[in-house]
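Undergrad: target.txt is reproduced in full below (compact mmCIF, N, CA and C atoms and all ligand atoms).
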```txt
# COMPACT_ATOMS: atom_id res chain seq x y z
N MET A 1 104.72 -47.69 -60.12
CA MET A 1 105.18 -48.88 -59.40
C MET A 1 105.84 -48.47 -58.08
N GLU A 2 106.68 -47.47 -58.22
CA GLU A 2 107.41 -47.03 -57.04
C GLU A 2 106.45 -46.45 -55.99
N GLU A 3 105.45 -45.76 -56.51
CA GLU A 3 104.46 -45.17 -55.61
C GLU A 3 103.71 -46.26 -54.85
N GLN A 4 103.42 -47.34 -55.56
CA GLN A 4 102.71 -48.45 -54.94
C GLN A 4 103.54 -49.08 -53.82
N LEU A 5 104.81 -49.23 -54.11
CA LEU A 5 105.70 -49.80 -53.10
C LEU A 5 105.71 -48.95 -51.84
N THR A 6 105.83 -47.66 -52.07
CA THR A 6 105.87 -46.75 -50.94
C THR A 6 104.58 -46.85 -50.14
N TYR A 7 103.49 -46.92 -50.89
CA TYR A 7 102.20 -46.99 -50.24
C TYR A 7 102.06 -48.27 -49.42
N SER A 8 102.51 -49.37 -50.01
CA SER A 8 102.38 -50.63 -49.28
C SER A 8 103.30 -50.66 -48.06
N LYS A 9 104.45 -50.01 -48.22
CA LYS A 9 105.36 -49.91 -47.07
C LYS A 9 104.71 -49.10 -45.95
N LEU A 10 104.04 -48.06 -46.40
CA LEU A 10 103.36 -47.18 -45.46
C LEU A 10 102.29 -47.96 -44.69
N LEU A 11 101.57 -48.79 -45.45
CA LEU A 11 100.53 -49.62 -44.82
C LEU A 11 101.14 -50.60 -43.84
N ASP A 12 102.22 -51.25 -44.27
CA ASP A 12 102.90 -52.19 -43.39
C ASP A 12 103.27 -51.53 -42.08
N ASN A 13 103.81 -50.36 -42.26
CA ASN A 13 104.24 -49.58 -41.13
C ASN A 13 103.07 -49.26 -40.20
N LEU A 14 102.00 -48.88 -40.83
CA LEU A 14 100.80 -48.50 -40.09
C LEU A 14 100.25 -49.71 -39.32
N TYR A 15 100.14 -50.84 -40.02
CA TYR A 15 99.58 -52.03 -39.39
C TYR A 15 100.46 -52.55 -38.26
N SER A 16 101.76 -52.39 -38.43
CA SER A 16 102.64 -52.91 -37.41
C SER A 16 102.48 -52.15 -36.09
N HIS A 17 101.89 -50.96 -36.20
CA HIS A 17 101.68 -50.18 -34.99
C HIS A 17 100.32 -50.40 -34.35
N LEU A 18 99.46 -51.09 -35.08
CA LEU A 18 98.14 -51.37 -34.53
C LEU A 18 98.25 -52.55 -33.57
N PRO A 19 97.41 -52.55 -32.56
CA PRO A 19 97.43 -53.72 -31.65
C PRO A 19 97.08 -54.98 -32.43
N LYS A 20 97.68 -56.08 -32.08
CA LYS A 20 97.43 -57.34 -32.80
C LYS A 20 96.06 -57.88 -32.41
N ARG A 21 95.12 -57.73 -33.36
CA ARG A 21 93.77 -58.17 -33.04
C ARG A 21 93.28 -59.25 -33.99
N THR A 22 94.12 -59.64 -34.90
CA THR A 22 93.72 -60.58 -35.95
C THR A 22 93.11 -61.85 -35.36
N VAL A 23 93.80 -62.44 -34.42
CA VAL A 23 93.34 -63.70 -33.84
C VAL A 23 91.99 -63.52 -33.13
N ARG A 24 91.91 -62.47 -32.38
CA ARG A 24 90.68 -62.20 -31.65
C ARG A 24 89.48 -62.01 -32.56
N SER A 25 89.68 -61.19 -33.62
CA SER A 25 88.54 -60.88 -34.47
C SER A 25 88.08 -62.10 -35.28
N GLU A 26 88.94 -63.09 -35.41
CA GLU A 26 88.53 -64.27 -36.15
C GLU A 26 87.70 -65.22 -35.30
N ARG A 27 87.82 -65.08 -34.01
CA ARG A 27 87.00 -65.91 -33.13
C ARG A 27 85.62 -65.31 -33.05
N PHE A 28 84.64 -66.16 -33.20
CA PHE A 28 83.27 -65.67 -33.15
C PHE A 28 82.74 -65.87 -31.75
N GLU A 29 82.65 -64.77 -31.02
CA GLU A 29 82.13 -64.87 -29.66
C GLU A 29 80.99 -63.89 -29.49
N VAL A 30 79.83 -64.43 -29.39
CA VAL A 30 78.64 -63.60 -29.26
C VAL A 30 78.70 -62.85 -27.93
N PRO A 31 78.48 -61.52 -27.96
CA PRO A 31 78.51 -60.78 -26.70
C PRO A 31 77.49 -61.35 -25.72
N PHE A 32 77.88 -61.42 -24.47
CA PHE A 32 77.02 -61.93 -23.41
C PHE A 32 75.88 -60.93 -23.20
N ALA A 33 74.65 -61.42 -23.16
CA ALA A 33 73.51 -60.53 -22.97
C ALA A 33 73.56 -59.88 -21.59
N ASP A 34 73.44 -58.56 -21.62
CA ASP A 34 73.44 -57.78 -20.38
C ASP A 34 71.98 -57.69 -19.92
N VAL A 35 71.63 -58.53 -18.96
CA VAL A 35 70.23 -58.69 -18.57
C VAL A 35 69.90 -57.96 -17.27
N LEU A 36 68.78 -57.24 -17.31
CA LEU A 36 68.32 -56.53 -16.12
C LEU A 36 66.86 -56.88 -15.86
N VAL A 37 66.60 -57.40 -14.66
CA VAL A 37 65.22 -57.72 -14.32
C VAL A 37 64.67 -56.64 -13.40
N VAL A 38 63.58 -56.01 -13.83
CA VAL A 38 62.92 -55.03 -12.99
C VAL A 38 61.45 -55.41 -12.92
N GLY A 39 60.97 -55.67 -11.72
CA GLY A 39 59.58 -56.09 -11.55
C GLY A 39 59.35 -57.39 -12.30
N THR A 40 58.40 -57.34 -13.24
CA THR A 40 58.10 -58.57 -13.99
C THR A 40 58.66 -58.51 -15.42
N LYS A 41 59.54 -57.55 -15.63
CA LYS A 41 60.11 -57.42 -16.97
C LYS A 41 61.60 -57.69 -16.98
N THR A 42 62.04 -58.26 -18.10
CA THR A 42 63.47 -58.51 -18.27
C THR A 42 63.95 -57.72 -19.47
N THR A 43 64.99 -56.93 -19.25
CA THR A 43 65.52 -56.12 -20.33
C THR A 43 66.90 -56.64 -20.74
N ILE A 44 67.08 -56.81 -22.05
CA ILE A 44 68.42 -57.13 -22.55
C ILE A 44 68.99 -55.79 -23.03
N LYS A 45 69.92 -55.26 -22.25
CA LYS A 45 70.39 -53.89 -22.49
C LYS A 45 71.25 -53.74 -23.75
N ASN A 46 71.93 -54.80 -24.11
CA ASN A 46 72.82 -54.70 -25.28
C ASN A 46 72.29 -55.51 -26.47
N PHE A 47 70.97 -55.54 -26.60
CA PHE A 47 70.36 -56.36 -27.64
C PHE A 47 70.80 -55.96 -29.05
N ASP A 48 70.89 -54.66 -29.29
CA ASP A 48 71.30 -54.21 -30.63
C ASP A 48 72.73 -54.63 -30.96
N THR A 49 73.59 -54.62 -29.94
CA THR A 49 74.99 -55.01 -30.13
C THR A 49 75.07 -56.49 -30.51
N ILE A 50 74.27 -57.30 -29.82
CA ILE A 50 74.26 -58.73 -30.10
C ILE A 50 73.77 -58.99 -31.53
N CYS A 51 72.66 -58.33 -31.88
CA CYS A 51 72.09 -58.53 -33.22
C CYS A 51 73.08 -58.07 -34.30
N ALA A 52 73.75 -56.95 -34.07
CA ALA A 52 74.72 -56.46 -35.05
C ALA A 52 75.87 -57.45 -35.19
N TYR A 53 76.29 -58.01 -34.08
CA TYR A 53 77.41 -58.94 -34.09
C TYR A 53 77.08 -60.22 -34.86
N ILE A 54 75.87 -60.72 -34.66
CA ILE A 54 75.49 -61.96 -35.35
C ILE A 54 74.83 -61.65 -36.70
N ARG A 55 74.74 -60.37 -37.05
CA ARG A 55 74.18 -59.91 -38.32
C ARG A 55 72.77 -60.41 -38.57
N ARG A 56 71.92 -60.20 -37.57
CA ARG A 56 70.52 -60.53 -37.75
C ARG A 56 69.68 -59.33 -37.36
N GLN A 57 68.53 -59.21 -37.99
CA GLN A 57 67.61 -58.11 -37.66
C GLN A 57 67.10 -58.30 -36.24
N PRO A 58 67.05 -57.20 -35.46
CA PRO A 58 66.49 -57.31 -34.10
C PRO A 58 65.10 -57.95 -34.11
N ALA A 59 64.29 -57.63 -35.12
CA ALA A 59 62.94 -58.18 -35.19
C ALA A 59 62.97 -59.70 -35.29
N GLU A 60 63.92 -60.22 -36.04
CA GLU A 60 64.05 -61.67 -36.23
C GLU A 60 64.44 -62.36 -34.92
N VAL A 61 65.46 -61.82 -34.24
CA VAL A 61 65.94 -62.43 -33.00
C VAL A 61 64.88 -62.27 -31.89
N SER A 62 64.24 -61.11 -31.90
CA SER A 62 63.21 -60.82 -30.92
C SER A 62 62.04 -61.80 -31.05
N LYS A 63 61.67 -62.10 -32.28
CA LYS A 63 60.58 -63.04 -32.54
C LYS A 63 60.95 -64.43 -32.00
N TYR A 64 62.19 -64.79 -32.22
CA TYR A 64 62.66 -66.10 -31.75
C TYR A 64 62.62 -66.19 -30.23
N LEU A 65 63.15 -65.17 -29.56
CA LEU A 65 63.19 -65.18 -28.09
C LEU A 65 61.78 -65.17 -27.51
N SER A 66 60.93 -64.38 -28.14
CA SER A 66 59.55 -64.29 -27.68
C SER A 66 58.88 -65.67 -27.75
N LYS A 67 59.14 -66.37 -28.83
CA LYS A 67 58.56 -67.71 -29.02
C LYS A 67 59.16 -68.71 -28.02
N GLU A 68 60.47 -68.68 -27.89
CA GLU A 68 61.16 -69.62 -27.01
C GLU A 68 60.79 -69.43 -25.54
N LEU A 69 60.68 -68.17 -25.13
CA LEU A 69 60.40 -67.88 -23.73
C LEU A 69 58.90 -67.75 -23.46
N ALA A 70 58.12 -67.82 -24.55
CA ALA A 70 56.66 -67.76 -24.47
C ALA A 70 56.12 -66.51 -23.80
N VAL A 71 56.75 -65.38 -24.12
CA VAL A 71 56.25 -64.09 -23.63
C VAL A 71 56.39 -63.05 -24.75
N PRO A 72 55.60 -61.96 -24.67
CA PRO A 72 55.80 -60.90 -25.67
C PRO A 72 57.15 -60.22 -25.47
N ALA A 73 57.73 -59.77 -26.56
CA ALA A 73 59.00 -59.05 -26.49
C ALA A 73 58.88 -57.78 -27.31
N VAL A 74 59.39 -56.69 -26.76
CA VAL A 74 59.31 -55.41 -27.46
C VAL A 74 60.71 -54.84 -27.63
N PHE A 75 61.05 -54.51 -28.86
CA PHE A 75 62.35 -53.93 -29.14
C PHE A 75 62.23 -52.41 -28.98
N GLU A 76 63.01 -51.87 -28.05
CA GLU A 76 62.94 -50.43 -27.76
C GLU A 76 64.31 -49.80 -27.96
N GLY A 77 64.50 -49.18 -29.10
CA GLY A 77 65.77 -48.52 -29.36
C GLY A 77 66.91 -49.50 -29.46
N VAL A 78 67.67 -49.64 -28.40
CA VAL A 78 68.78 -50.59 -28.42
C VAL A 78 68.49 -51.82 -27.55
N ARG A 79 67.41 -51.73 -26.77
CA ARG A 79 67.14 -52.80 -25.80
C ARG A 79 65.98 -53.68 -26.24
N LEU A 80 65.93 -54.86 -25.66
CA LEU A 80 64.77 -55.71 -25.87
C LEU A 80 64.13 -55.93 -24.50
N VAL A 81 62.83 -55.68 -24.44
CA VAL A 81 62.12 -55.86 -23.19
C VAL A 81 61.22 -57.09 -23.29
N LEU A 82 61.46 -58.04 -22.40
CA LEU A 82 60.66 -59.27 -22.36
C LEU A 82 59.65 -59.14 -21.22
N GLN A 83 58.41 -59.53 -21.50
CA GLN A 83 57.37 -59.41 -20.48
C GLN A 83 57.36 -60.62 -19.57
N GLY A 84 58.42 -60.76 -18.79
CA GLY A 84 58.51 -61.89 -17.87
C GLY A 84 59.86 -61.83 -17.19
N LYS A 85 60.02 -62.64 -16.13
CA LYS A 85 61.29 -62.63 -15.41
C LYS A 85 62.17 -63.79 -15.88
N PHE A 86 63.35 -63.46 -16.36
CA PHE A 86 64.27 -64.50 -16.83
C PHE A 86 65.67 -64.21 -16.34
N SER A 87 66.39 -65.27 -16.01
CA SER A 87 67.76 -65.09 -15.55
C SER A 87 68.65 -64.82 -16.76
N ALA A 88 69.79 -64.18 -16.49
CA ALA A 88 70.75 -63.91 -17.56
C ALA A 88 71.12 -65.21 -18.25
N ARG A 89 71.21 -66.26 -17.46
CA ARG A 89 71.59 -67.54 -18.01
C ARG A 89 70.58 -68.09 -19.00
N SER A 90 69.29 -68.03 -18.65
CA SER A 90 68.32 -68.59 -19.57
C SER A 90 68.22 -67.76 -20.85
N VAL A 91 68.40 -66.44 -20.72
CA VAL A 91 68.38 -65.59 -21.91
C VAL A 91 69.58 -65.92 -22.80
N ASN A 92 70.74 -66.03 -22.18
CA ASN A 92 71.95 -66.32 -22.95
C ASN A 92 71.92 -67.70 -23.60
N ASP A 93 71.33 -68.65 -22.89
CA ASP A 93 71.19 -69.99 -23.47
C ASP A 93 70.36 -69.95 -24.74
N ARG A 94 69.26 -69.18 -24.70
CA ARG A 94 68.38 -69.08 -25.88
C ARG A 94 69.13 -68.42 -27.04
N ILE A 95 69.90 -67.39 -26.72
CA ILE A 95 70.64 -66.70 -27.77
C ILE A 95 71.68 -67.64 -28.39
N GLN A 96 72.36 -68.40 -27.53
CA GLN A 96 73.35 -69.36 -28.04
C GLN A 96 72.69 -70.39 -28.96
N THR A 97 71.52 -70.85 -28.55
CA THR A 97 70.81 -71.83 -29.37
C THR A 97 70.43 -71.23 -30.72
N TYR A 98 69.97 -69.99 -30.68
CA TYR A 98 69.62 -69.32 -31.93
C TYR A 98 70.84 -69.22 -32.85
N VAL A 99 71.96 -68.83 -32.27
CA VAL A 99 73.19 -68.68 -33.05
C VAL A 99 73.59 -70.02 -33.66
N LYS A 100 73.48 -71.07 -32.87
CA LYS A 100 73.86 -72.39 -33.34
C LYS A 100 72.97 -72.84 -34.50
N ASN A 101 71.67 -72.55 -34.37
CA ASN A 101 70.73 -73.01 -35.39
C ASN A 101 70.56 -72.08 -36.58
N ALA A 102 70.67 -70.78 -36.34
CA ALA A 102 70.31 -69.84 -37.40
C ALA A 102 71.40 -68.87 -37.80
N VAL A 103 72.59 -69.04 -37.27
CA VAL A 103 73.69 -68.15 -37.67
C VAL A 103 74.89 -68.96 -38.18
N LEU A 104 75.32 -69.93 -37.41
CA LEU A 104 76.50 -70.70 -37.80
C LEU A 104 76.17 -71.66 -38.95
N CYS A 105 77.07 -71.71 -39.92
CA CYS A 105 76.89 -72.60 -41.07
C CYS A 105 77.05 -74.06 -40.62
N LYS A 106 76.08 -74.89 -41.01
CA LYS A 106 76.13 -76.30 -40.62
C LYS A 106 77.29 -77.02 -41.30
N GLN A 107 77.70 -76.48 -42.46
CA GLN A 107 78.73 -77.12 -43.24
C GLN A 107 80.14 -76.78 -42.76
N CYS A 108 80.42 -75.48 -42.64
CA CYS A 108 81.79 -75.07 -42.33
C CYS A 108 81.93 -74.43 -40.95
N GLY A 109 80.80 -74.16 -40.30
CA GLY A 109 80.85 -73.61 -38.95
C GLY A 109 81.10 -72.12 -38.86
N LYS A 110 81.21 -71.46 -40.02
CA LYS A 110 81.48 -70.03 -40.01
C LYS A 110 80.19 -69.24 -39.76
N PRO A 111 80.33 -68.05 -39.16
CA PRO A 111 79.14 -67.26 -38.88
C PRO A 111 78.74 -66.30 -40.01
N ASP A 112 79.44 -66.35 -41.13
CA ASP A 112 79.16 -65.41 -42.23
C ASP A 112 78.00 -65.89 -43.09
N THR A 113 76.82 -65.83 -42.51
CA THR A 113 75.66 -66.37 -43.20
C THR A 113 74.54 -65.34 -43.31
N ASN A 114 73.64 -65.59 -44.23
CA ASN A 114 72.45 -64.77 -44.38
C ASN A 114 71.23 -65.68 -44.43
N ILE A 115 70.11 -65.14 -43.94
CA ILE A 115 68.87 -65.88 -44.07
C ILE A 115 68.17 -65.37 -45.32
N VAL A 116 67.88 -66.26 -46.23
CA VAL A 116 67.16 -65.82 -47.43
C VAL A 116 65.84 -66.57 -47.55
N GLU A 117 64.85 -65.84 -48.04
CA GLU A 117 63.54 -66.45 -48.24
C GLU A 117 63.59 -67.12 -49.61
N SER A 118 63.13 -68.35 -49.68
CA SER A 118 63.10 -68.99 -50.99
C SER A 118 61.65 -69.13 -51.41
N GLU A 119 61.43 -69.74 -52.58
CA GLU A 119 60.08 -69.98 -53.06
C GLU A 119 59.35 -70.84 -52.03
N ARG A 120 58.10 -70.79 -52.03
CA ARG A 120 57.26 -71.56 -51.11
C ARG A 120 57.55 -71.25 -49.64
N SER A 121 57.97 -70.02 -49.42
CA SER A 121 58.21 -69.47 -48.08
C SER A 121 59.10 -70.32 -47.18
N PHE A 122 59.99 -71.06 -47.80
CA PHE A 122 61.05 -71.73 -47.07
C PHE A 122 62.08 -70.69 -46.68
N ARG A 123 62.74 -70.88 -45.56
CA ARG A 123 63.85 -69.99 -45.26
C ARG A 123 65.13 -70.80 -45.31
N ILE A 124 66.14 -70.16 -45.90
CA ILE A 124 67.39 -70.87 -46.13
C ILE A 124 68.55 -70.10 -45.50
N LEU A 125 69.43 -70.84 -44.87
CA LEU A 125 70.63 -70.25 -44.31
C LEU A 125 71.72 -70.37 -45.38
N GLU A 126 72.15 -69.21 -45.87
CA GLU A 126 73.10 -69.19 -46.96
C GLU A 126 74.46 -68.74 -46.43
N CYS A 127 75.49 -69.53 -46.71
CA CYS A 127 76.81 -69.25 -46.17
C CYS A 127 77.68 -68.52 -47.20
N GLU A 128 78.24 -67.39 -46.78
CA GLU A 128 79.10 -66.62 -47.67
C GLU A 128 80.48 -67.26 -47.77
N ALA A 129 80.86 -68.02 -46.75
CA ALA A 129 82.18 -68.60 -46.72
C ALA A 129 82.30 -69.82 -47.62
N CYS A 130 81.35 -70.75 -47.53
CA CYS A 130 81.49 -72.00 -48.30
C CYS A 130 80.38 -72.18 -49.34
N GLY A 131 79.39 -71.28 -49.32
CA GLY A 131 78.33 -71.35 -50.33
C GLY A 131 77.22 -72.34 -50.02
N ALA A 132 77.26 -72.95 -48.86
CA ALA A 132 76.21 -73.92 -48.51
C ALA A 132 74.86 -73.21 -48.39
N ARG A 133 73.81 -73.90 -48.78
CA ARG A 133 72.45 -73.39 -48.62
C ARG A 133 71.65 -74.46 -47.90
N ILE A 134 71.33 -74.18 -46.66
CA ILE A 134 70.69 -75.20 -45.85
C ILE A 134 69.36 -74.67 -45.31
N PRO A 135 68.29 -75.47 -45.49
CA PRO A 135 66.98 -75.03 -44.99
C PRO A 135 67.02 -74.76 -43.49
N LEU A 136 66.36 -73.70 -43.11
CA LEU A 136 66.37 -73.26 -41.73
C LEU A 136 65.18 -73.80 -40.99
N ARG A 137 65.41 -74.30 -39.80
CA ARG A 137 64.28 -74.86 -39.05
C ARG A 137 63.90 -74.02 -37.84
N VAL A 138 64.33 -72.76 -37.82
CA VAL A 138 63.98 -71.90 -36.70
C VAL A 138 62.73 -71.10 -37.04
ZN ZN B 201 79.73 -72.48 -44.68
```
Can the structure in the file be given as structure tokens, please?

TA:
Amino acid sequence: MEEQLTYSKLLDNLYSHLPKRTVRSERFEVPFADVLVVGTKTTIKNFDTICAYIRRQPAEVSKYLSKELAVPAVFEGVRLVLQGKFSARSVNDRIQTYVKNAVLCKQCGKPDTNIVESERSFRILECEACGARIPLRV
């Protein structure tokens, strides 16, 4: 018991020295896409970071962007290369729309969701926070 107390005190002590990030980390803010246009190609330089943040497979997000922007998209390492010229704004708008439709829970608004395949090849957005299961239309 005494050891536990000491340990918890130690933790308290440790946490009190960490920068206060609790509020920040609870806000869900998708990183802004770092877009570079070269010639007729548009590269999203931080594509992997965005996908990791919203917890979606790069292939899934890439497929969505490719469909929305009507151009082929190739995932290269950490970047996504779109075969067309797009402004940072139009790329970011598409990402925001994707997040709204396929990441945020329609019920509670939390981003802690997973896409699960159900029978009859329906896709369902499953929320870890509130347990909602809502058919996905993306
Ligand atoms: Zn929810």

Undergrad: Do you know which residues are at most 7 Å from Ala73 in chain A counting only C-alpha atoms, after dropping those on the same chain fewer than 2 positions away, and could you put them as a list in words?

TA: Ser62, Ser66, Val71, Phe75, Leu80, Val81, Leu82 and Gln83 of chain A

Undergrad: Show me, as a VMD selection string, the residues that have an atom within 6.5 Å of Phe47 in chain A when counting all atoms listed in the file, minus same-chain residues fewer than 2 positions from it.

TA: chain A and resid 34 44 to 45 49 to 52 78 to 80

Undergrad: Find the residues near ligand ZN 201 (chain B). Use a cut-off of 7 Å, count only C-alpha atoms and all ligand atoms, and write them as a PyMOL selection string.

TA: chain A and resi 105-110+127-132

Undergrad: Go through A:Glu29, A:Leu104, A:Ala70, A:Pro135 one by one, measure the shortest atom-to-atom distance of each to Glu119 in chain A using only C-alpha atoms, and give the residue with the smallest value.

TA: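 Nearest candidate to Glu119 in chain A out of A:Glu29, A:Leu104, A:Ala70, A:Pro135: A:Pro135.
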
Undergrad: Any chance you could list, as a PyMOL selection string, the residues in chain A that come up alpha helix (DSSP H) when DSSP is run on the backbone?

TA: chain A and resi 2-17+22-26+47-54+58-69+88-102

Undergrad: At what distance in Å, to one decimal, does CA of Arg137 in chain A lie from CA of Arg123 in chain A?

TA: 7.9 Å

Undergrad: Ala102 in chain A: which residues within 8 Å, counting all atoms listed in the file, same-chain residues fewer than 6 positions away excluded, as an NGL selection string?

TA: :A and (96 or 111 or 113-115 or 125 or 136-138)

Undergrad: How far is it from atom N of Lys67 in chain A to CA of Arg133 in chain A, in Å with one decimal?

TA: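 Rounded to one decimal, the two atoms are 24.9 Å apart.
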
Undergrad: Where does DSSP see strand (DSSP E or B) in range 51-128 of chain A, if you list the residues as a PyMOL selection string?

TA: chain A and resi 73-76+79-82+113-117+123-127

Undergrad: Those same residues, written as an mmCIF file, in the frame of the given file with N, CA and C atoms?

TA:
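In the end it all went to part_37.cif:
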```cif
data_model
loop_
_atom_site.group_PDB
_atom_site.id
_atom_site.type_symbol
_atom_site.label_atom_id
_atom_site.label_comp_id
_atom_site.auth_asym_id
_atom_site.auth_seq_id
_atom_site.Cartn_x
_atom_site.Cartn_y
_atom_site.Cartn_z
ATOM 1 N N ALA A 73 57.730 -59.770 -26.560
ATOM 2 C CA ALA A 73 59.000 -59.050 -26.490
ATOM 3 C C ALA A 73 58.880 -57.780 -27.310
ATOM 4 N N VAL A 74 59.390 -56.690 -26.760
ATOM 5 C CA VAL A 74 59.310 -55.410 -27.460
ATOM 6 C C VAL A 74 60.710 -54.840 -27.630
ATOM 7 N N PHE A 75 61.050 -54.510 -28.860
ATOM 8 C CA PHE A 75 62.350 -53.930 -29.140
ATOM 9 C C PHE A 75 62.230 -52.410 -28.980
ATOM 10 N N GLU A 76 63.010 -51.870 -28.050
ATOM 11 C CA GLU A 76 62.940 -50.430 -27.760
ATOM 12 C C GLU A 76 64.310 -49.800 -27.960
ATOM 13 N N ARG A 79 67.410 -51.730 -26.770
ATOM 14 C CA ARG A 79 67.140 -52.800 -25.800
ATOM 15 C C ARG A 79 65.980 -53.680 -26.240
ATOM 16 N N LEU A 80 65.930 -54.860 -25.660
ATOM 17 C CA LEU A 80 64.770 -55.710 -25.870
ATOM 18 C C LEU A 80 64.130 -55.930 -24.500
ATOM 19 N N VAL A 81 62.830 -55.680 -24.440
ATOM 20 C CA VAL A 81 62.120 -55.860 -23.190
ATOM 21 C C VAL A 81 61.220 -57.090 -23.290
ATOM 22 N N LEU A 82 61.460 -58.040 -22.400
ATOM 23 C CA LEU A 82 60.660 -59.270 -22.360
ATOM 24 C C LEU A 82 59.650 -59.140 -21.220
ATOM 25 N N THR A 113 76.820 -65.830 -42.510
ATOM 26 C CA THR A 113 75.660 -66.370 -43.200
ATOM 27 C C THR A 113 74.540 -65.340 -43.310
ATOM 28 N N ASN A 114 73.640 -65.590 -44.230
ATOM 29 C CA ASN A 114 72.450 -64.770 -44.380
ATOM 30 C C ASN A 114 71.230 -65.680 -44.430
ATOM 31 N N ILE A 115 70.110 -65.140 -43.940
ATOM 32 C CA ILE A 115 68.870 -65.880 -44.070
ATOM 33 C C ILE A 115 68.170 -65.370 -45.320
ATOM 34 N N VAL A 116 67.880 -66.260 -46.230
ATOM 35 C CA VAL A 116 67.160 -65.820 -47.430
ATOM 36 C C VAL A 116 65.840 -66.570 -47.550
ATOM 37 N N GLU A 117 64.850 -65.840 -48.040
ATOM 38 C CA GLU A 117 63.540 -66.450 -48.240
ATOM 39 C C GLU A 117 63.590 -67.120 -49.610
ATOM 40 N N ARG A 123 62.740 -70.880 -45.560
ATOM 41 C CA ARG A 123 63.850 -69.990 -45.260
ATOM 42 C C ARG A 123 65.130 -70.800 -45.310
ATOM 43 N N ILE A 124 66.140 -70.160 -45.900
ATOM 44 C CA ILE A 124 67.390 -70.870 -46.130
ATOM 45 C C ILE A 124 68.550 -70.100 -45.500
ATOM 46 N N LEU A 125 69.430 -70.840 -44.870
ATOM 47 C CA LEU A 125 70.630 -70.250 -44.310
ATOM 48 C C LEU A 125 71.720 -70.370 -45.380
ATOM 49 N N GLU A 126 72.150 -69.210 -45.870
ATOM 50 C CA GLU A 126 73.100 -69.190 -46.960
ATOM 51 C C GLU A 126 74.460 -68.740 -46.430
ATOM 52 N N CYS A 127 75.490 -69.530 -46.710
ATOM 53 C CA CYS A 127 76.810 -69.250 -46.170
ATOM 54 C C CYS A 127 77.680 -68.520 -47.200
#
```

Undergrad: Counting all atoms listed in the file, which of A:Glu76, A:Ala88, A:Glu60, A:Glu68 gets nearest to Val37 in chain A?

TA: A:Ala88

Undergrad: Given the choices A:Gly77, A:Phe122, A:Val30, A:Val61, which gets closest to Asp48 in chain A if the distance is worked out from all atoms listed in the file?

TA: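 That would be A:Gly77, the residue with the smallest distance to Asp48 in chain A.
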
Undergrad: Go ahead and compute the interatomic distance for CA of Ile134 in chain A and atom N of Pro58 in chain A, in Å to one decimal.

TA: 21.1 Å

Undergrad: Point out the residue among A:Arg55, A:Arg94, A:Lys63, A:Arg120 with the least atom-to-atom distance to Phe28 in chain A, counting only C-alpha atoms.

TA: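 Comparing A:Arg55, A:Arg94, A:Lys63, A:Arg120 against Phe28 in chain A, the winner is A:Arg55.
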
Undergrad: Which one is closest to Leu36 in chain A: A:Ser87, A:Glu126, A:Val103, A:Ser121? Count only N, CA and C atoms.

TA: A:Ser87
